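*Asks:* As input, take run.tsv (TSV, C-alpha atoms and all ligand atoms):
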chain	number	residue	atom	x	y	z
A	1	MET	CA	104.09	94.93	119.41
A	2	SER	CA	101.17	97.24	120.17
A	3	LYS	CA	98.92	98.21	117.28
A	4	ILE	CA	99.07	101.71	115.82
A	5	LYS	CA	95.97	103.78	116.44
A	6	ILE	CA	94.34	105.15	113.30
A	7	ALA	CA	91.94	108.07	112.97
A	8	ILE	CA	89.96	108.77	109.82
A	9	VAL	CA	89.22	112.41	108.98
A	10	GLY	CA	86.45	112.64	106.37
A	11	CYS	CA	84.07	109.67	106.62
A	12	GLY	CA	82.57	109.59	103.12
A	13	ASN	CA	82.88	107.22	100.21
A	14	ILE	CA	86.62	106.58	99.95
A	15	SER	CA	87.13	106.23	103.70
A	16	GLU	CA	85.44	102.81	103.33
A	17	CYS	CA	88.38	101.63	101.19
A	18	HIS	CA	90.86	102.86	103.81
A	19	LEU	CA	88.87	101.25	106.63
A	20	LYS	CA	88.58	97.89	104.93
A	21	ALA	CA	92.33	97.81	104.37
A	22	TYR	CA	93.23	99.00	107.89
A	23	LYS	CA	90.96	96.29	109.29
A	24	ASN	CA	92.84	93.68	107.29
A	25	ASN	CA	96.19	94.89	108.60
A	26	PRO	CA	96.98	93.15	111.91
A	27	ASN	CA	99.13	96.07	113.09
A	28	CYS	CA	96.30	98.62	113.20
A	29	GLU	CA	93.43	99.61	115.39
A	30	ILE	CA	90.67	101.84	113.99
A	31	TYR	CA	90.54	104.31	116.86
A	32	ALA	CA	88.53	107.44	116.02
A	33	PHE	CA	86.47	109.13	113.31
A	34	CYS	CA	86.07	112.79	112.44
A	35	ASP	CA	83.64	114.36	109.97
A	36	ILE	CA	82.10	117.84	109.91
A	37	ASP	CA	78.81	116.23	108.92
A	38	GLU	CA	77.31	114.76	112.07
A	39	LYS	CA	74.93	112.37	110.29
A	40	THR	CA	77.75	110.88	108.20
A	41	LEU	CA	79.89	110.62	111.33
A	42	MET	CA	77.25	108.85	113.42
A	43	GLU	CA	76.42	106.39	110.64
A	44	LYS	CA	80.09	105.58	110.12
A	45	GLY	CA	80.64	105.10	113.86
A	46	ALA	CA	77.66	102.74	114.12
A	47	LYS	CA	78.72	100.78	111.04
A	48	HIS	CA	82.26	100.17	112.27
A	49	GLY	CA	81.64	100.07	116.02
A	50	VAL	CA	83.80	103.14	116.64
A	51	THR	CA	82.68	105.32	119.55
A	52	ARG	CA	85.32	108.07	119.56
A	53	LEU	CA	83.51	110.41	117.18
A	54	TYR	CA	84.34	114.06	116.52
A	55	THR	CA	83.08	116.85	114.30
A	56	ASP	CA	86.17	118.93	115.11
A	57	GLU	CA	89.57	117.52	114.19
A	58	GLU	CA	91.53	119.76	116.59
A	59	LYS	CA	89.35	118.59	119.48
A	60	MET	CA	89.93	114.98	118.50
A	61	LEU	CA	93.70	115.47	118.33
A	62	ARG	CA	93.68	117.30	121.67
A	63	GLU	CA	91.55	114.73	123.49
A	64	LEU	CA	93.16	111.65	121.95
A	65	PRO	CA	96.94	112.27	121.98
A	66	GLU	CA	97.48	108.49	121.69
A	67	ILE	CA	96.44	108.52	117.99
A	68	ASP	CA	99.46	107.52	115.87
A	69	ALA	CA	98.29	108.13	112.32
A	70	VAL	CA	95.53	109.81	110.36
A	71	SER	CA	93.96	109.11	106.96
A	72	VAL	CA	92.71	112.36	105.44
A	73	CYS	CA	89.72	111.48	103.22
A	74	THR	CA	87.95	114.83	103.05
A	75	TRP	CA	87.07	116.76	99.90
A	76	ASN	CA	90.11	118.33	98.31
A	77	ALA	CA	89.70	121.83	99.76
A	78	ALA	CA	90.15	120.46	103.29
A	79	HIS	CA	93.22	118.30	102.60
A	80	LYS	CA	95.76	120.96	103.48
A	81	ASP	CA	94.26	122.14	106.77
A	82	CYS	CA	93.26	118.68	107.99
A	83	THR	CA	96.71	117.30	107.13
A	84	ILE	CA	98.65	120.15	108.71
A	85	LYS	CA	96.60	119.97	111.92
A	86	ALA	CA	97.44	116.28	112.24
A	87	LEU	CA	101.12	116.77	111.34
A	88	LYS	CA	101.45	119.54	113.94
A	89	ALA	CA	99.99	117.13	116.51
A	90	LYS	CA	102.87	114.77	115.49
A	91	LYS	CA	100.65	112.25	113.70
A	92	HIS	CA	101.71	110.49	110.53
A	93	VAL	CA	99.34	111.31	107.66
A	94	LEU	CA	98.12	109.47	104.59
A	95	CYS	CA	96.35	112.12	102.51
A	96	GLU	CA	94.06	111.16	99.64
A	97	LYS	CA	94.82	112.36	96.12
A	98	PRO	CA	95.00	115.06	94.90
A	99	MET	CA	97.43	116.15	97.60
A	100	ALA	CA	95.94	119.66	97.74
A	101	MET	CA	94.17	122.36	95.75
A	102	ASN	CA	97.46	123.68	94.33
A	103	SER	CA	101.25	123.46	94.69
A	104	LYS	CA	101.46	126.25	97.26
A	105	GLU	CA	99.28	124.23	99.64
A	106	ALA	CA	101.29	121.07	98.92
A	107	GLU	CA	104.52	122.90	99.82
A	108	GLU	CA	103.04	123.97	103.16
A	109	MET	CA	102.08	120.36	103.90
A	110	ILE	CA	105.59	119.08	103.16
A	111	LYS	CA	107.08	121.83	105.33
A	112	ALA	CA	104.80	120.84	108.23
A	113	ALA	CA	105.78	117.16	107.90
A	114	LYS	CA	109.49	118.05	107.96
A	115	GLU	CA	109.18	120.47	110.88
A	116	ASN	CA	107.29	117.95	112.98
A	117	GLY	CA	109.37	114.92	112.08
A	118	VAL	CA	106.41	112.79	110.97
A	119	LYS	CA	105.47	111.01	107.76
A	120	LEU	CA	103.32	112.41	105.01
A	121	MET	CA	102.23	110.09	102.22
A	122	VAL	CA	99.86	110.82	99.32
A	123	GLY	CA	97.35	108.18	98.22
A	124	PHE	CA	98.65	107.37	94.74
A	125	VAL	CA	96.82	104.10	94.91
A	126	ARG	CA	97.31	103.07	91.26
A	127	ARG	CA	101.00	102.47	92.00
A	128	PHE	CA	99.98	99.40	94.00
A	129	GLY	CA	98.26	97.49	91.19
A	130	ASP	CA	99.63	94.16	89.94
A	131	ASP	CA	99.42	95.65	86.44
A	132	THR	CA	101.68	98.54	87.48
A	133	LYS	CA	104.17	96.19	89.15
A	134	THR	CA	104.34	94.00	86.05
A	135	LEU	CA	104.85	96.97	83.78
A	136	LEU	CA	107.59	98.30	86.06
A	137	ASP	CA	109.32	94.90	85.92
A	138	PHE	CA	109.41	95.07	82.11
A	139	ILE	CA	110.67	98.67	82.18
A	140	ASN	CA	113.35	97.90	84.78
A	141	CYS	CA	114.57	94.98	82.67
A	142	GLY	CA	115.13	97.44	79.81
A	143	GLU	CA	112.40	96.01	77.55
A	144	LEU	CA	111.21	99.47	76.48
A	145	GLY	CA	114.65	101.07	76.07
A	146	ASP	CA	114.50	104.85	76.56
A	147	ILE	CA	110.92	105.98	77.05
A	148	TYR	CA	110.37	109.15	75.03
A	149	TYR	CA	106.59	109.42	74.74
A	150	ALA	CA	103.56	108.44	76.79
A	151	LYS	CA	99.80	108.75	76.57
A	152	ALA	CA	97.48	108.77	79.56
A	153	THR	CA	93.74	108.70	79.04
A	154	TYR	CA	90.93	108.77	81.59
A	155	LEU	CA	87.69	109.64	79.84
A	156	ARG	CA	84.11	109.45	81.08
A	157	ARG	CA	81.08	110.09	78.94
A	158	ASN	CA	78.84	111.27	81.76
A	159	GLY	CA	80.80	110.77	84.93
A	160	CYS	CA	81.00	113.79	87.18
A	161	PRO	CA	80.45	112.23	90.62
A	162	GLY	CA	78.29	115.25	91.48
A	163	GLY	CA	78.22	117.40	94.60
A	164	TRP	CA	81.55	118.91	95.59
A	165	PHE	CA	83.39	117.13	92.73
A	166	GLY	CA	81.79	119.60	90.32
A	167	TYR	CA	82.24	122.63	92.57
A	168	LYS	CA	85.63	124.25	92.08
A	169	ALA	CA	85.79	125.91	95.50
A	170	LEU	CA	85.82	122.47	97.14
A	171	SER	CA	87.46	120.34	94.43
A	172	GLY	CA	90.04	122.69	92.89
A	173	GLY	CA	88.98	121.56	89.41
A	174	GLY	CA	87.29	118.82	87.45
A	175	PRO	CA	88.47	115.64	85.73
A	176	LEU	CA	92.07	116.84	85.51
A	177	ILE	CA	92.53	117.12	89.27
A	178	ASP	CA	90.23	114.18	90.04
A	179	LEU	CA	91.09	111.58	87.36
A	180	GLY	CA	94.10	113.01	85.52
A	181	VAL	CA	96.07	113.02	88.75
A	182	HIS	CA	95.97	109.19	88.88
A	183	VAL	CA	97.27	108.63	85.36
A	184	ILE	CA	99.80	111.48	85.31
A	185	ASP	CA	101.34	110.14	88.51
A	186	LEU	CA	101.34	106.61	87.18
A	187	VAL	CA	103.18	107.57	84.01
A	188	ARG	CA	105.70	109.72	85.90
A	189	TYR	CA	106.27	106.90	88.37
A	190	LEU	CA	106.80	104.36	85.58
A	191	MET	CA	109.16	106.70	83.75
A	192	GLY	CA	111.39	106.99	86.81
A	193	ARG	CA	109.96	110.25	88.21
A	194	PRO	CA	111.34	112.81	85.73
A	195	ASN	CA	110.71	116.46	86.58
A	196	PRO	CA	108.25	118.43	84.45
A	197	VAL	CA	109.74	121.43	82.67
A	198	SER	CA	106.83	122.81	80.64
A	199	VAL	CA	103.16	122.29	79.96
A	200	TYR	CA	100.73	123.23	77.22
A	201	GLY	CA	97.14	122.60	78.25
A	202	ALA	CA	93.54	123.32	77.37
A	203	THR	CA	90.28	122.84	79.22
A	204	PHE	CA	86.69	122.82	77.93
A	205	ASP	CA	83.41	123.34	79.72
A	206	GLY	CA	80.71	123.46	77.08
A	207	ILE	CA	78.56	120.48	78.04
A	208	GLY	CA	79.07	119.75	81.74
A	209	LYS	CA	76.21	121.89	82.88
A	210	ARG	CA	73.64	119.57	81.28
A	211	ASP	CA	71.42	117.80	83.77
A	212	TYR	CA	73.62	114.74	84.15
A	213	LEU	CA	71.72	113.67	87.26
A	214	LYS	CA	68.79	112.60	85.05
A	215	ASP	CA	71.04	110.17	83.29
A	216	LYS	CA	72.87	108.97	86.36
A	217	PRO	CA	70.60	109.03	89.37
A	218	GLN	CA	73.24	107.23	91.42
A	219	TYR	CA	75.39	110.36	91.29
A	220	LYS	CA	73.68	112.06	94.18
A	221	ALA	CA	74.98	115.47	95.09
A	222	ARG	CA	77.52	115.16	97.86
A	223	GLY	CA	78.59	117.87	100.26
A	224	GLY	CA	75.33	119.50	101.28
A	225	ASN	CA	73.39	119.10	98.04
A	226	ILE	CA	75.68	121.30	95.98
A	227	THR	CA	74.17	121.80	92.54
A	228	VAL	CA	76.76	124.20	91.09
A	229	GLN	CA	78.98	122.67	88.45
A	230	ASP	CA	81.74	125.08	87.51
A	231	VAL	CA	84.67	122.75	86.81
A	232	GLU	CA	85.96	121.80	83.37
A	233	ASP	CA	84.26	118.96	81.42
A	234	MET	CA	87.49	117.94	79.82
A	235	ALA	CA	91.20	118.74	79.98
A	236	THR	CA	94.07	117.87	77.72
A	237	ALA	CA	97.77	118.67	78.02
A	238	LEU	CA	101.25	118.01	76.68
A	239	ILE	CA	103.75	117.74	79.51
A	240	ARG	CA	107.46	117.92	78.73
A	241	PHE	CA	109.94	116.39	81.19
A	242	ASP	CA	113.60	117.16	81.90
A	243	ASN	CA	114.70	113.83	80.34
A	244	GLY	CA	113.20	114.95	77.01
A	245	ALA	CA	110.12	112.69	77.27
A	246	VAL	CA	106.64	114.03	76.61
A	247	LEU	CA	103.33	112.92	78.09
A	248	SER	CA	100.02	113.58	76.38
A	249	VAL	CA	97.15	113.41	78.87
A	250	GLU	CA	93.39	113.70	78.49
A	251	ALA	CA	90.69	113.46	81.15
A	252	SER	CA	86.95	114.07	81.06
A	253	PHE	CA	83.80	113.98	83.17
A	254	ASN	CA	81.64	114.81	80.15
A	255	MET	CA	82.45	114.07	76.53
A	256	HIS	CA	80.60	112.63	73.54
A	257	ILE	CA	82.39	109.26	73.35
A	258	LYS	CA	80.96	105.76	72.91
A	259	LYS	CA	81.99	104.54	76.34
A	260	ASP	CA	84.26	105.39	79.25
A	261	GLU	CA	87.89	104.53	78.67
A	262	GLY	CA	91.19	104.60	80.47
A	263	SER	CA	94.65	103.63	79.39
A	264	ILE	CA	98.35	104.24	79.90
A	265	GLN	CA	100.70	103.88	76.94
A	266	LEU	CA	104.48	104.16	77.06
A	267	TYR	CA	106.70	104.23	73.99
A	268	GLY	CA	110.42	103.56	74.09
A	269	THR	CA	113.29	102.99	71.70
A	270	LYS	CA	112.99	99.20	72.10
A	271	GLY	CA	109.31	98.62	72.78
A	272	GLY	CA	105.91	100.03	73.58
A	273	ILE	CA	103.45	99.02	76.27
A	274	LYS	CA	99.74	99.57	76.73
A	275	LEU	CA	98.07	99.08	80.08
A	276	ASP	CA	94.29	99.06	80.63
A	277	PRO	CA	92.21	97.30	79.85
A	278	GLU	CA	94.93	94.73	79.30
A	279	PHE	CA	98.71	94.54	79.22
A	280	GLU	CA	100.04	94.52	75.64
A	281	MET	CA	103.59	95.00	74.46
A	282	TYR	CA	104.92	95.78	70.98
A	283	SER	CA	108.52	95.19	70.04
A	284	GLU	CA	110.98	93.81	67.46
A	285	LYS	CA	112.69	90.40	67.60
A	286	ASN	CA	115.08	88.96	65.01
A	287	GLY	CA	113.98	91.50	62.44
A	288	TYR	CA	110.26	90.89	62.99
A	289	LEU	CA	107.65	93.13	64.59
A	290	VAL	CA	106.15	91.20	67.50
A	291	ASP	CA	103.21	91.66	69.85
A	292	ILE	CA	103.73	90.25	73.33
A	293	ASN	CA	100.91	89.30	75.68
A	294	LEU	CA	101.07	87.76	79.12
A	295	SER	CA	99.77	84.18	79.31
A	296	LYS	CA	98.32	85.01	82.73
A	297	LYS	CA	96.42	88.28	82.73
A	298	VAL	CA	97.31	90.94	85.28
A	299	GLY	CA	94.74	93.50	86.24
A	300	MET	CA	93.92	96.11	88.81
A	301	ASP	CA	91.83	94.97	91.77
A	302	PHE	CA	90.34	97.88	93.72
A	303	ASP	CA	90.52	96.18	97.14
A	304	LYS	CA	94.03	94.96	96.48
A	305	ILE	CA	95.43	98.35	95.49
A	306	PHE	CA	94.04	100.00	98.63
A	307	GLN	CA	95.39	97.13	100.73
A	308	GLY	CA	98.80	97.69	99.14
A	309	GLU	CA	98.69	101.42	99.82
A	310	ILE	CA	97.54	101.06	103.45
A	311	ASN	CA	100.05	98.28	104.19
A	312	TYR	CA	102.83	100.47	102.77
A	313	PHE	CA	101.77	103.42	104.94
A	314	VAL	CA	101.41	101.33	108.11
A	315	ASP	CA	104.80	99.71	107.51
A	316	ALA	CA	106.35	103.16	107.02
A	317	CYS	CA	104.87	104.36	110.33
A	318	ILE	CA	105.99	101.28	112.29
A	319	ASN	CA	109.41	100.75	110.73
A	320	ASP	CA	110.29	104.39	110.10
A	321	VAL	CA	110.45	104.03	106.32
A	322	ASP	CA	111.08	107.31	104.49
A	323	VAL	CA	108.04	108.17	102.33
A	324	SER	CA	108.99	111.79	101.69
A	325	SER	CA	109.55	111.09	97.98
A	326	ILE	CA	105.85	110.25	97.64
A	327	ALA	CA	104.87	113.61	99.15
A	328	GLU	CA	107.41	115.27	96.81
A	329	ASP	CA	105.67	113.47	93.92
A	330	GLY	CA	102.35	114.87	95.22
A	331	LEU	CA	103.85	118.36	95.05
A	332	MET	CA	105.24	117.72	91.56
A	333	LEU	CA	101.76	116.63	90.44
A	334	MET	CA	100.24	119.81	91.82
A	335	LYS	CA	102.86	121.86	89.92
A	336	ILE	CA	101.85	120.08	86.71
A	337	LEU	CA	98.13	120.63	87.36
A	338	ASP	CA	98.68	124.31	88.24
A	339	ALA	CA	100.54	124.69	84.95
A	340	VAL	CA	97.80	122.98	82.91
A	341	TYR	CA	95.13	125.25	84.36
A	342	GLU	CA	97.38	128.30	83.89
A	343	SER	CA	98.14	127.34	80.28
A	344	ALA	CA	94.43	126.77	79.61
A	345	ARG	CA	93.72	130.25	80.96
A	346	THR	CA	96.51	132.06	79.10
A	347	LYS	CA	96.45	129.83	75.98
A	348	LYS	CA	100.26	129.74	76.20
A	349	GLU	CA	102.87	127.20	77.19
A	350	VAL	CA	103.79	127.41	80.87
A	351	VAL	CA	107.37	126.81	82.01
A	352	ILE	CA	107.59	125.09	85.39
B	401	LIG	N1	92.08	107.03	95.49
B	401	LIG	C1	90.97	106.99	94.80
B	401	LIG	O1	90.81	106.20	93.86
B	401	LIG	C2	89.87	107.93	95.18
B	401	LIG	C3	88.55	107.66	94.79
B	401	LIG	C4	87.54	108.53	95.19
B	401	LIG	C5	87.88	109.66	95.93
B	401	LIG	N2	89.18	109.92	96.27
B	401	LIG	C6	89.54	111.13	97.03
B	401	LIG	O2	89.07	110.96	98.38
B	401	LIG	C7	88.65	112.21	98.89
B	401	LIG	C8	87.22	112.06	99.40
B	401	LIG	O3	86.37	111.66	98.36
B	401	LIG	P1	84.97	110.94	98.68
B	401	LIG	O4	84.48	110.38	97.42
B	401	LIG	O5	85.13	110.06	99.85
B	401	LIG	O6	84.07	112.21	99.09
B	401	LIG	P2	82.79	112.22	100.04
B	401	LIG	O7	82.06	113.45	99.73
B	401	LIG	O8	82.09	110.91	99.97
B	401	LIG	O9	83.42	112.33	101.52
B	401	LIG	C9	84.14	113.47	101.96
B	401	LIG	C10	83.81	113.68	103.43
B	401	LIG	O10	84.72	114.65	103.97
B	401	LIG	C11	83.98	115.36	104.96
B	401	LIG	N3	84.72	116.60	105.27
B	401	LIG	C12	84.88	117.70	104.52
B	401	LIG	N4	85.63	118.61	105.16
B	401	LIG	C13	85.98	118.07	106.34
B	401	LIG	C14	86.77	118.52	107.45
B	401	LIG	N5	87.34	119.72	107.45
B	401	LIG	N6	86.91	117.69	108.52
B	401	LIG	C15	86.31	116.47	108.53
B	401	LIG	N7	85.54	116.00	107.53
B	401	LIG	C16	85.39	116.79	106.43
B	401	LIG	C17	82.62	115.58	104.32
B	401	LIG	O11	81.63	115.91	105.27
B	401	LIG	C18	82.38	114.21	103.67
B	401	LIG	O12	81.68	113.33	104.53
B	401	LIG	C19	88.79	113.23	97.76
B	401	LIG	O13	90.00	113.92	97.93
B	401	LIG	C20	88.86	112.38	96.51
B	401	LIG	O14	89.62	112.97	95.48
B	401	LIG	C21	90.16	109.07	95.92
Would you write the structure of this file as structure tokens?
*Replies:*
Amino acid sequence: MSKIKIAIVGCGNISECHLKAYKNNPNCEIYAFCDIDEKTLMEKGAKHGVTRLYTDEEKMLRELPEIDAVSVCTWNAAHKDCTIKALKAKKHVLCEKPMAMNSKEAEEMIKAAKENGVKLMVGFVRRFGDDTKTLLDFINCGELGDIYYAKATYLRRNGCPGGWFGYKALSGGGPLIDLGVHVIDLVRYLMGRPNPVSVYGATFDGIGKRDYLKDKPQYKARGGNITVQDVEDMATALIRFDNGAVLSVEASFNMHIKKDEGSIQLYGTKGGIKLDPEFEMYSEKNGYLVDINLSKKVGMDFDKIFQGEINYFVDACINDVDVSSIAEDGLMLMKILDAVYESARTKKEVVI
């Protein structure tokens, strides 16, 4: 079987994770790179020995019709256009999270995938962790009963990555769209993908404009030395689903906490589970309250989750596996995020 030819659009930080995983997949060939920043493009080409280098995606797609699939790893504002260009050229697309800037853009992307008969997958990489798989096993075996409440936390004390991540015009928002998206998707996925019906949210931006670069020199401004930071520092929301369950989510780039923290907690009629930093389960047995721990720890390995995601995408391209539900989940996420930002603006509950 011939290898599928992969192009990367957006050759920054996260493209390295995609590249490493594609290289480990025997069914792929890294074929071409595209980045609007010529320096980044040239460096990436030299590093990976790729010589088909383009600063214009349309030109690349025109000149290299043999490309099979594209990873879109640009900043968020370019996801929609870069994805739709590739879909219209009949390429399968793996688009990084968040799927788009808002739900309207996500709908256009799904429409383009359907019209062109190609695959569109969103990079919900946390789904591929061993910890997630273990948790799902427990849920599927009925250990939690009916899940009625969940908490998802992704808090950083001083962790805006800088550059375009803090600039709304390129990112679409702050920690909610960057970090919250991971944990909201994870909870929804573990709950069996219920549909959101309403959202009450709030965002805060009182401390983000401090000079965080002094404290974290490694957070160099990305995207042409952007120094504007106009996204929220912190977001919190209550999301109600059509099965009656409620998710409480909180995400921050800047917040006065002791240290960064992240966790997923699910509460059901038979048991509760906490994930991150470790798997813990709370239940009842024979009239006693019991805490259950795994004798062998399961965790989340960054390389492994990207390998899982890329292998899944490549397999879908080669064996014509339907991944449309993952794009639909990307759209659902964008609807939730739109509603949180809208609720924060209006200070009212938003019905989806
Ligand atoms: N899955 C994860 O855990 C994870 C982690 C980090 C980032 N991300 C996502 O990956 C994406 C990229 O993040 P990053 O940290 O790599 O950013 P980055 O700034 O390091 O890289 C983005 C690159 O995209 C390029 N670009 C922008 N518009 C383009 C266009 N129209 N055509 C071609 N290239 C274009 C920029 O020049 C830049 O080199 C973001 O959507 C981010 O949310 C995901």
*Asks:* Using only C-alpha atoms and all ligand atoms, which protein or nucleic acid residues are at most 7 Å from ligand LIG 401 (chain B), as a PyMOL selection string?
*Replies:* chain A and resi 9-15+34-37+40+55-57+73-76+78+82+96-98+123-125+164+178+222-223
*Asks:* I'd like to know which of A:Glu58, A:Asp260, A:Asp230, A:Asp242 is closest to Asn158 (chain A), using only C-alpha atoms.
*Replies:*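 Among the listed residues, A:Asp260 lies closest to Asn158 (chain A).
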*Asks:* Using only C-alpha atoms, pick whichever of A:Met332, A:Phe253, A:Tyr148, A:Leu155 has the shortest atom-to-atom distance to Gly173 (chain A).
*Replies:* A:Phe253
*Asks:* Got a sec to check which residues sit within 7 Å of (99.6, 105.6, 107.5), counting all atoms listed in the file, and write them as a count of residues only?
*Replies:* 10
*Asks:* Find the distance between CA of Phe138 (chain A) and CA of Thr269 (chain A) and write it in Å to one decimal.
*Replies:* 13.6 Å
*Asks:* Write out as an MDAnalysis selection string the residues lying within 6 Å of Ala150 (chain A), counting only C-alpha atoms and excluding same-chain residues fewer than 4 positions away.
*Replies:* chainID A and resid 247 265:267
*Asks:* Nearest residue to Leu176 (chain A) out of A:Tyr31, A:Tyr288, A:Phe204, A:Phe302, using only C-alpha atoms?
*Replies:*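 When distances to Leu176 (chain A) are compared using only C-alpha atoms, the smallest one comes from A:Phe204.
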*Asks:* Tell me which of A:Ile30, A:Ile292, A:Ile226, A:Leu275 sits closest to Ile67 (chain A), counting only C-alpha atoms.
*Replies:* A:Ile30
*Asks:* So which one's closest to Leu333 (chain A), A:Thr132, A:Ser248, A:Thr153, A:Asn195? Using all atoms listed in the file, please.
*Replies:*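 Closest to Leu333 (chain A), using all atoms listed in the file: A:Asn195.
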*Asks:* Point out the residue among A:His79, A:His256, A:Arg126, A:Lys91 with the least atom-to-atom distance to Glu105 (chain A), counting all atoms listed in the file.
*Replies:*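 Selected residue with least distance to Glu105 (chain A): A:His79.
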*Asks:* One number please: CA of Arg52 (chain A) to CA of Met101 (chain A), in Å, one decimal.
*Replies:*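 Between CA of Arg52 (chain A) and CA of Met101 (chain A) the gap is 29.1 Å.
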*Asks:* How many Å separate CA of Pro161 (chain A) from CA of Val122 (chain A)?
*Replies:*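 If I compute the distance from CA of Pro161 (chain A) to CA of Val122 (chain A), I get 21.3 Å.
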*Asks:* In the coordinates of the file, take the point (94.7, 97.6, 98.7) and a cut-off of 12 Å; then, counting all atoms listed in the file, name each qualifying protein, DNA or RNA residue as a ChimeraX atom specification.
*Replies:* /A:16-25,123-130,300-313
*Asks:* Extract, using only C-alpha atoms, all DNA, RNA and protein residues at most 8 Å from Ser263 (chain A), discarding same-chain residues fewer than 4 positions from it, and format them as a list of chain:residue names.
*Replies:*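 The residues that qualify are A:Lys151, A:Ala152, A:Thr153, A:Tyr154, A:Lys274, A:Leu275, A:Asp276, A:Pro277.
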*Asks:* Just want the 8 Å neighbourhood of region 140-145 of chain A, counted on only C-alpha atoms, with same-chain residues fewer than 4 positions away dropped. Output as a VMD selection string.
*Replies:* chain A and resid 136 267 to 273
*Asks:* Could you pull the residues within 10 Å of Ala106 (chain A), counting all atoms listed in the file, minus those fewer than 4 positions along the same chain, as a VMD selection string?
*Replies:* chain A and resid 79 to 80 98 to 102 110 to 112 327 to 328 330 to 335
*Asks:* Those selected residues, please, written with C-alpha atoms and delivered as a PDB file, in the frame of the given file.
*Replies:*
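Once everything was written out, this is result.pdb:
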ATOM      1  CA  HIS A  79      93.220 118.300 102.600  1.00  0.00           C
ATOM      2  CA  LYS A  80      95.760 120.960 103.480  1.00  0.00           C
ATOM      3  CA  PRO A  98      95.000 115.060  94.900  1.00  0.00           C
ATOM      4  CA  MET A  99      97.430 116.150  97.600  1.00  0.00           C
ATOM      5  CA  ALA A 100      95.940 119.660  97.740  1.00  0.00           C
ATOM      6  CA  MET A 101      94.170 122.360  95.750  1.00  0.00           C
ATOM      7  CA  ASN A 102      97.460 123.680  94.330  1.00  0.00           C
ATOM      8  CA  ILE A 110     105.590 119.080 103.160  1.00  0.00           C
ATOM      9  CA  LYS A 111     107.080 121.830 105.330  1.00  0.00           C
ATOM     10  CA  ALA A 112     104.800 120.840 108.230  1.00  0.00           C
ATOM     11  CA  ALA A 327     104.870 113.610  99.150  1.00  0.00           C
ATOM     12  CA  GLU A 328     107.410 115.270  96.810  1.00  0.00           C
ATOM     13  CA  GLY A 330     102.350 114.870  95.220  1.00  0.00           C
ATOM     14  CA  LEU A 331     103.850 118.360  95.050  1.00  0.00           C
ATOM     15  CA  MET A 332     105.240 117.720  91.560  1.00  0.00           C
ATOM     16  CA  LEU A 333     101.760 116.630  90.440  1.00  0.00           C
ATOM     17  CA  MET A 334     100.240 119.810  91.820  1.00  0.00           C
ATOM     18  CA  LYS A 335     102.860 121.860  89.920  1.00  0.00           C
TER      19      LYS A 335
END
*Asks:* Would you compute, for all listed atoms of region 44-51 of chain A, the axis-aligned bounding box grown by 8 Å on each side, and then report its centre and edge lengths in Å rounded to one decimal, as lines of an AutoDock Vina configuration file?
*Replies:*
center_x = 80.7
center_y = 102.8
center_z = 114.8
size_x = 22.1
size_y = 21.5
size_z = 25.4
